[in-house]
Amino acid sequence: MLSPYANKLDSVAKQRYVVKIGCVDADPYAICRSECKSVLDCESNELPDVEYPDIYHYLINTPGGFSGQCMKAYKSLDAYNYFISGWVRELLVSVKGSKFVILSKVLHSQRLSEPPLQVWVICEKDGCVVCGHCNCMAGLGETCSHVAATLFAIDSVVKMKKDTSCTSLPNTWLAPSNSRAANVVPSPASEMDFSNARKRCQVVGSETRAVKRCPEVASATEGEKESFYKGLHASGVNSVILSAIPGYTEHFEKSANATLPAPLTELYSSEHANLSFAALIDKSRETFVRLSVTPDEATAIEKETKSQAANRHWFRQRAGRITASKLKAATRTDPANQSQSLIKS
Ligand SMILES: [Zn+2]
């Protein structure tokens with residue numbers, strides 16, 4: 001059944017219109033929206049593979065319906081700007097047999113406030129553009145800029161759908177054959193051949209190279225180890241291994257560490273966990289009175305923690321302290337029911 005638009009065409013134009021839509025046996029303008037799907041919601045296999053060569057071929061080389069000569073609509077190739085400017089709206093697709101009917105609305109190039117033009121294009125699955133139509137003044141020519149812009153839009157969507165990142169698809173980049181995968185057996189690194197392909201080519205045909213094995217080395221005795229550590233320490237280089245060897249770790253503590261006060265976290269005692277609130281307050285007062293920081297210790301803290309988060313003492317020394325940014329919250333919280341988030345922060 002023809003759409004009201006088609007019925008209003010003059011006899012010649014209507015005859016041509018009927019011929020064009022004959023391949024889908026339906027007037028695209030009369031296709032119900034429920035039979036269409038938004039192109040953006042389609043998978044790439046649900047869309048015709050329209051590419052630039054297909055668009056070029058349709059606009060330039062396809063014989064016109066009226067003249068029978070190539071349409072050579074070079075001007076329509078400029079319609080890419082229409083698409084880039086976002087004038088193509090509501091790109092829909094409807095499948096009719098083996099054909100894809102693309103429907104779109106394209107804004108007027110000069111009169112944006114007017115209702116958009118209605119375009120349809122019929123394509124094959126392989127991207128071949130069969131015909132197109134637009135209800136603009138030049139639409140009967142089948143190659144107006146609105147038809148071209150619609151084709152560029154569908155080309156772009158198809159390209160976008162196909163260019164999905166390989167990591168968004170099932171693994172296809174590491175697909176060794178089953179036989180090859182089955183032949184891979186674990187080996188010691190010493191027996192692996194790390195030579196490059198060119199090197200391997202050179203040895204093909206020659207005698208099999210003897211696999212280089214690491215010489216057997218007896219484990220060091222405790223005495224040898226101690227002698228090694230002593231020598232290492234005597235060299236004056238702070239080798240990192242000594243930081244984990246008892247007897248040498250203290251040499252890695254910075255000299256200022258001796259003058260730093262014990263961090264507040266060391267005041268914790270599991271014995272106090274069962275004390276009543278009142279007893280805990282008493283205990284806190286006693287501890288507070290005993291707490292003292294000498295000028296030397298204060299200077300040492302200031303010196304050691306200048307680099308803040310880059311220094312581990314900064315974390316140790318600030319743990320349990322009420323820093324300036326927390327002071328207000330600390331003075332507002334109920335001592336009998338302290339804010340848990342404040343304590344943990
Ligand atoms: Zn048009």
# chains A, B, ... in the order shown; residues from 1 in each chain; ligands from 1
call {"tool": "closest_atom_pairs", "arguments": {"of": "chain A", "to": "ligand 1", "cutoff": "12 Å", "atoms": "only C-alpha atoms and all ligand atoms", "output": "tab-separated table"}}
result
residue	atom	partner	partner_atom_place_in_ligand_line	distance
A:Ser76	CA	ligand 1	1 (Zn)	10.0
A:Ala79	CA	ligand 1	1 (Zn)	10.5
A:Tyr82	CA	ligand 1	1 (Zn)	11.5
A:Val88	CA	ligand 1	1 (Zn)	11.5
A:Ser104	CA	ligand 1	1 (Zn)	11.0
A:Lys105	CA	ligand 1	1 (Zn)	9.9
A:Val106	CA	ligand 1	1 (Zn)	8.1
A:Leu107	CA	ligand 1	1 (Zn)	9.5
A:His108	CA	ligand 1	1 (Zn)	8.5
A:Ser109	CA	ligand 1	1 (Zn)	9.9
A:Pro116	CA	ligand 1	1 (Zn)	9.9
A:Leu117	CA	ligand 1	1 (Zn)	6.7
A:Gln118	CA	ligand 1	1 (Zn)	7.8
A:Val119	CA	ligand 1	1 (Zn)	7.0
A:Trp120	CA	ligand 1	1 (Zn)	9.9
A:Val121	CA	ligand 1	1 (Zn)	11.5
A:Gly132	CA	ligand 1	1 (Zn)	9.7
A:His133	CA	ligand 1	1 (Zn)	7.4
A:Cys134	CA	ligand 1	1 (Zn)	4.5
A:Asn135	CA	ligand 1	1 (Zn)	6.0
A:Cys136	CA	ligand 1	1 (Zn)	4.3
A:Met137	CA	ligand 1	1 (Zn)	6.7
A:Ala138	CA	ligand 1	1 (Zn)	5.7
A:Gly139	CA	ligand 1	1 (Zn)	4.5
A:Leu140	CA	ligand 1	1 (Zn)	8.3
A:Gly141	CA	ligand 1	1 (Zn)	8.7
A:Glu142	CA	ligand 1	1 (Zn)	7.9
A:Thr143	CA	ligand 1	1 (Zn)	7.6
A:Cys144	CA	ligand 1	1 (Zn)	4.6
A:Ser145	CA	ligand 1	1 (Zn)	5.8
A:His146	CA	ligand 1	1 (Zn)	4.4
A:Val147	CA	ligand 1	1 (Zn)	6.0
A:Ala148	CA	ligand 1	1 (Zn)	8.6
A:Ala149	CA	ligand 1	1 (Zn)	9.3
A:Thr150	CA	ligand 1	1 (Zn)	9.9
call {"tool": "residues_around", "arguments": {"residues": "range 285-295 of chain A", "least_positions_apart": "3", "cutoff": "12 Å", "atoms": "only C-alpha atoms", "output": "number ranges by chain"}}
result
A: 259-264, 266-268, 278-282, 298-302
call {"tool": "write_last_selection", "arguments": {"atoms": "N, CA and C atoms", "output": "CSV table (one decimal), in the first residue's frame"}}
result
chain,number,residue,atom,x,y,z
A,259,THR,N,66.3,9.0,68.8
A,259,THR,CA,65.7,10.2,69.6
A,259,THR,C,64.2,10.4,69.3
A,260,LEU,N,63.6,9.6,68.5
A,260,LEU,CA,62.2,9.7,68.2
A,260,LEU,C,61.4,9.1,69.4
A,261,PRO,N,60.4,9.7,69.9
A,261,PRO,CA,59.6,9.1,70.9
A,261,PRO,C,58.8,7.9,70.4
A,262,ALA,N,58.4,7.0,71.3
A,262,ALA,CA,57.7,5.8,70.9
A,262,ALA,C,56.3,6.3,70.3
A,263,PRO,N,55.9,5.7,69.2
A,263,PRO,CA,54.6,6.1,68.7
A,263,PRO,C,53.5,5.8,69.6
A,264,LEU,N,52.4,6.6,69.5
A,264,LEU,CA,51.2,6.4,70.4
A,264,LEU,C,50.6,5.0,70.4
A,266,GLU,N,52.0,2.3,70.6
A,266,GLU,CA,52.6,1.4,71.5
A,266,GLU,C,51.9,1.5,72.9
A,267,LEU,N,51.1,2.5,73.1
A,267,LEU,CA,50.4,2.6,74.4
A,267,LEU,C,49.3,1.5,74.5
A,268,TYR,N,48.9,0.9,73.3
A,268,TYR,CA,47.8,-0.1,73.4
A,268,TYR,C,48.2,-1.3,74.2
A,278,ALA,N,34.9,4.3,83.0
A,278,ALA,CA,35.5,5.2,84.0
A,278,ALA,C,37.0,4.8,84.2
A,279,ALA,N,37.3,3.5,84.3
A,279,ALA,CA,38.6,3.1,84.6
A,279,ALA,C,39.5,3.4,83.4
A,280,LEU,N,39.0,3.4,82.2
A,280,LEU,CA,39.8,3.7,81.0
A,280,LEU,C,40.1,5.2,81.0
A,281,ILE,N,39.2,6.0,81.4
A,281,ILE,CA,39.4,7.5,81.5
A,281,ILE,C,40.5,7.7,82.5
A,282,ASP,N,40.5,7.0,83.7
A,282,ASP,CA,41.5,7.2,84.7
A,282,ASP,C,42.9,6.8,84.1
A,298,ALA,N,61.1,16.4,69.7
A,298,ALA,CA,60.3,17.2,68.8
A,298,ALA,C,61.0,17.6,67.6
A,299,THR,N,62.3,18.0,67.8
A,299,THR,CA,63.1,18.4,66.6
A,299,THR,C,63.4,17.2,65.7
A,300,ALA,N,63.6,16.1,66.3
A,300,ALA,CA,63.9,14.8,65.5
A,300,ALA,C,62.6,14.5,64.7
A,301,ILE,N,61.5,14.6,65.3
A,301,ILE,CA,60.2,14.2,64.6
A,301,ILE,C,60.0,15.2,63.4
A,302,GLU,N,60.2,16.5,63.7
A,302,GLU,CA,60.1,17.5,62.6
A,302,GLU,C,61.0,17.2,61.5
call {"tool": "select_by_dssp", "arguments": {"residues": "range 37-153 of chain A", "states": "strand (DSSP E)", "output": "compact mmCIF listing (two decimals) with C-alpha atoms, in the first residue's frame"}}
result
# COMPACT_ATOMS: atom_id res chain seq x y z
CA LYS A 37 15.00 -1.04 14.88
CA SER A 38 17.34 1.78 15.74
CA VAL A 88 20.90 13.00 10.32
CA ARG A 89 18.41 11.94 12.97
CA GLU A 90 16.48 8.77 13.82
CA LEU A 91 18.45 6.28 11.79
CA LEU A 92 16.25 3.18 11.63
CA VAL A 93 16.52 -0.12 9.79
CA SER A 94 13.85 -2.56 8.69
CA VAL A 95 14.57 -5.86 6.98
CA LYS A 96 12.38 -6.70 4.00
CA LYS A 99 16.90 -6.07 1.46
CA PHE A 100 17.55 -3.55 4.21
CA VAL A 101 15.43 -0.43 4.31
CA ILE A 102 17.19 2.44 6.07
CA LEU A 103 14.94 5.24 7.26
CA SER A 104 16.16 8.56 8.54
CA LYS A 105 15.17 12.12 9.20
CA VAL A 106 17.54 14.79 7.97
CA LEU A 117 13.09 15.63 5.65
CA GLN A 118 12.25 11.97 5.43
CA VAL A 119 14.74 9.75 3.66
CA TRP A 120 14.76 6.09 2.85
CA VAL A 121 17.47 3.99 1.27
CA ILE A 122 17.29 0.36 0.17
CA CYS A 123 20.51 -1.65 0.41
CA GLU A 124 21.70 -5.19 -0.08
CA VAL A 129 22.84 0.65 -2.52
CA VAL A 130 19.80 -0.26 -4.63
CA CYS A 131 17.93 3.04 -4.50
CA GLY A 132 17.06 5.96 -2.28
CA HIS A 133 14.45 8.62 -1.91
CA CYS A 134 13.83 11.86 -0.10
call {"tool": "atom_distance", "arguments": {"atom1": "CA of Ser243 in chain A", "atom2": "CA of Arg316 in chain A"}}
result
19.1 Å
call {"tool": "atom_distance", "arguments": {"atom1": "CA of Tyr56 in chain A", "atom2": "CA of Val158 in chain A"}}
result
16.2 Å
call {"tool": "atom_distance", "arguments": {"atom1": "CA of Asp49 in chain A", "atom2": "CA of Asp155 in chain A"}}
result
7.5 Å
call {"tool": "closest_residue", "arguments": {"among": "A:Ser307, A:Gln15, A:Ser345, A:Ser44", "to": "Ala319 in chain A", "atoms": "only C-alpha atoms"}}
result
A:Ser345
call {"tool": "residues_around", "arguments": {"residues": "Gly127 in chain A", "least_positions_apart": "5", "cutoff": "8 Å", "atoms": "only C-alpha atoms", "output": "list of chain:residue names"}}
result
A:Pro48, A:Asp49, A:Val50, A:Glu51, A:Asp54
call {"tool": "closest_residue", "arguments": {"among": "A:Lys14, A:Ile84, A:Ser3, A:Glu43", "to": "Tyr29 in chain A", "atoms": "only C-alpha atoms"}}
result
A:Ser3
call {"tool": "select_by_dssp", "arguments": {"residues": "range 226-272 of chain A", "states": "helix (DSSP H, G or I)", "output": "ChimeraX atom specification"}}
result
/A:226-234,240-244,249-252,255-259,264-267,270-272
call {"tool": "write_last_selection", "arguments": {"atoms": "C-alpha atoms", "output": "mmCIF file, in the first residue's frame"}}
result
data_model
loop_
_atom_site.group_PDB
_atom_site.id
_atom_site.type_symbol
_atom_site.label_atom_id
_atom_site.label_comp_id
_atom_site.auth_asym_id
_atom_site.auth_seq_id
_atom_site.Cartn_x
_atom_site.Cartn_y
_atom_site.Cartn_z
ATOM 1 C CA GLU A 226 78.247 -15.181 58.450
ATOM 2 C CA SER A 227 81.620 -14.443 56.892
ATOM 3 C CA PHE A 228 79.862 -13.142 53.784
ATOM 4 C CA TYR A 229 77.576 -10.884 55.833
ATOM 5 C CA LYS A 230 80.510 -9.548 57.818
ATOM 6 C CA GLY A 231 82.450 -8.766 54.683
ATOM 7 C CA LEU A 232 79.414 -7.121 53.171
ATOM 8 C CA HIS A 233 78.899 -4.985 56.255
ATOM 9 C CA ALA A 234 82.598 -4.111 56.448
ATOM 10 C CA VAL A 240 69.565 -4.486 51.453
ATOM 11 C CA ILE A 241 70.021 -8.135 52.365
ATOM 12 C CA LEU A 242 71.613 -7.081 55.674
ATOM 13 C CA SER A 243 68.414 -5.266 56.632
ATOM 14 C CA ALA A 244 66.794 -8.671 57.071
ATOM 15 C CA THR A 249 69.175 -4.603 61.075
ATOM 16 C CA GLU A 250 69.980 -1.922 63.664
ATOM 17 C CA HIS A 251 72.482 -0.384 61.276
ATOM 18 C CA PHE A 252 69.614 0.450 58.982
ATOM 19 C CA SER A 255 70.469 7.719 63.853
ATOM 20 C CA ALA A 256 67.595 10.084 64.543
ATOM 21 C CA ASN A 257 65.358 7.104 65.184
ATOM 22 C CA ALA A 258 66.972 6.735 68.598
ATOM 23 C CA THR A 259 65.743 10.160 69.552
ATOM 24 C CA LEU A 264 51.237 6.426 70.444
ATOM 25 C CA THR A 265 50.144 3.072 69.076
ATOM 26 C CA GLU A 266 52.565 1.413 71.501
ATOM 27 C CA LEU A 267 50.359 2.569 74.350
ATOM 28 C CA SER A 270 45.020 -5.786 75.363
ATOM 29 C CA GLU A 271 44.681 -5.861 79.188
ATOM 30 C CA HIS A 272 42.848 -2.545 79.041
#
